[in-house]
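Notes follow once the structure below has been shown.
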Amino acid sequence: MTGHPVWDAPSRFIHWCFPVGIGLMWWTGDTGRMELHSYVAYVLLTLVATRVALGFVGSYHSRFRNFVVGPAGVVAYLREGGHFVGHNPLGALSTLALLLLILVQGISGLFSVDDVSFDGPLAYAFDGQFIDLATEWHDTNWDILQFLIFMHVGAIAWYQWRKRQPMVQTMWRGQSADRVSEHAPVHVARAVATAVIVAACLWLAITWAPEAPTYY
């Protein structure tokens with residue numbers, strides 16, 4: 001039987017773009033480099049939306065239905081453990097939460113206004129109350145995202161060094177000695193096409209968005 005990578009190239013590429021992109025988002029936001037902040041945000045939003053789409057049409061281990069389990073499955077894993085080729089039940093929950101929070105962070109940023117140096121490109125598509133809500137949630141969501149990233153990195157460190165599972169190497173190479181997939185990955189063109197469609201939709205939304213009102 002021929003072995004295949006557990007994590008295909010698009011999933012790995014997107015995964016490793018997240019820490020780089022989120023780090024850049026933090027730095028540009030804190031230093032007021034808002035134009036660069038916006039460009040990085042567009043890339044991250046495209047990548048996370050693409051990853052969510054691949055959760056339905058991507059390779060076997062990238063599809064949500066193949067690694068997300070219900071509460072009973074999570075409890076069973078906590079009690080009994082077990083070996084999983086793809087995400088274990090806790091890793092699945094972490095993956096879903098991180099994808100959701102990154103997606104919300106990007107979308108809320110599109111509608112945010114800080115009254116000083118930044119107006120989101122879609123901020124004036126709705127009324128002021130929605131802008132205030134999006135801006136507030138952009139800040140709150142960032143705090144939650146930071147906490148979850150801290151927990152995620154801590155869990156990886158635990159499995160990597162305490163339990164001697166090559167988590168980092170597997171995500172970098174796509175597989176490890178005891179984690180090889182029976183399922184061939186889908187062609188990379190599917191992920192590229194998905195990313196192009198997402199990027200085009202985002203570009204159209206930004207291009208057609210109403211401009212900020214001018215007050216005299």
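Residue numbering restarts at 1 for every chain of the structure tokens, chains are lettered A, B, ... in their displayed order, and ligands are numbered from 1 as they appear.
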Taking the DSSP assignment computed from this structure's backbone, write out as a ChimeraX atom specification all residues of segment 26-183 of chain A that belong to alpha helix (DSSP H). /A:26-31,34-57,71-80,89-110,128-157,167-173
Report, in Å to a single decimal, how far apart atom CA of Asp8 of chain A and atom CA of Gly174 of chain A are. 6.2 Å
May I ask which of the residues A:Leu54, A:Ala209, A:Val168, A:Ile22 is the closest one to Ala123 of chain A, counting only C-alpha atoms?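 Between A:Leu54, A:Ala209, A:Val168, A:Ile22, the residue approaching Ala123 of chain A most closely is A:Ala209.
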Do you know which residues are at most 10 Å from segment 56-61 of chain A counting only C-alpha atoms, after dropping those on the same chain fewer than 4 positions away, and could you put them as a ChimeraX atom specification? /A:5-11,50-52,65-67,85-87,181-188,190-191,194
From a DSSP pass on the backbone, collect the residues of segment 10-193 of chain A flagged as strand (DSSP E or B) and hand them back as JSON, numbers by chain. {"A": [113, 119, 176, 179, 181]}
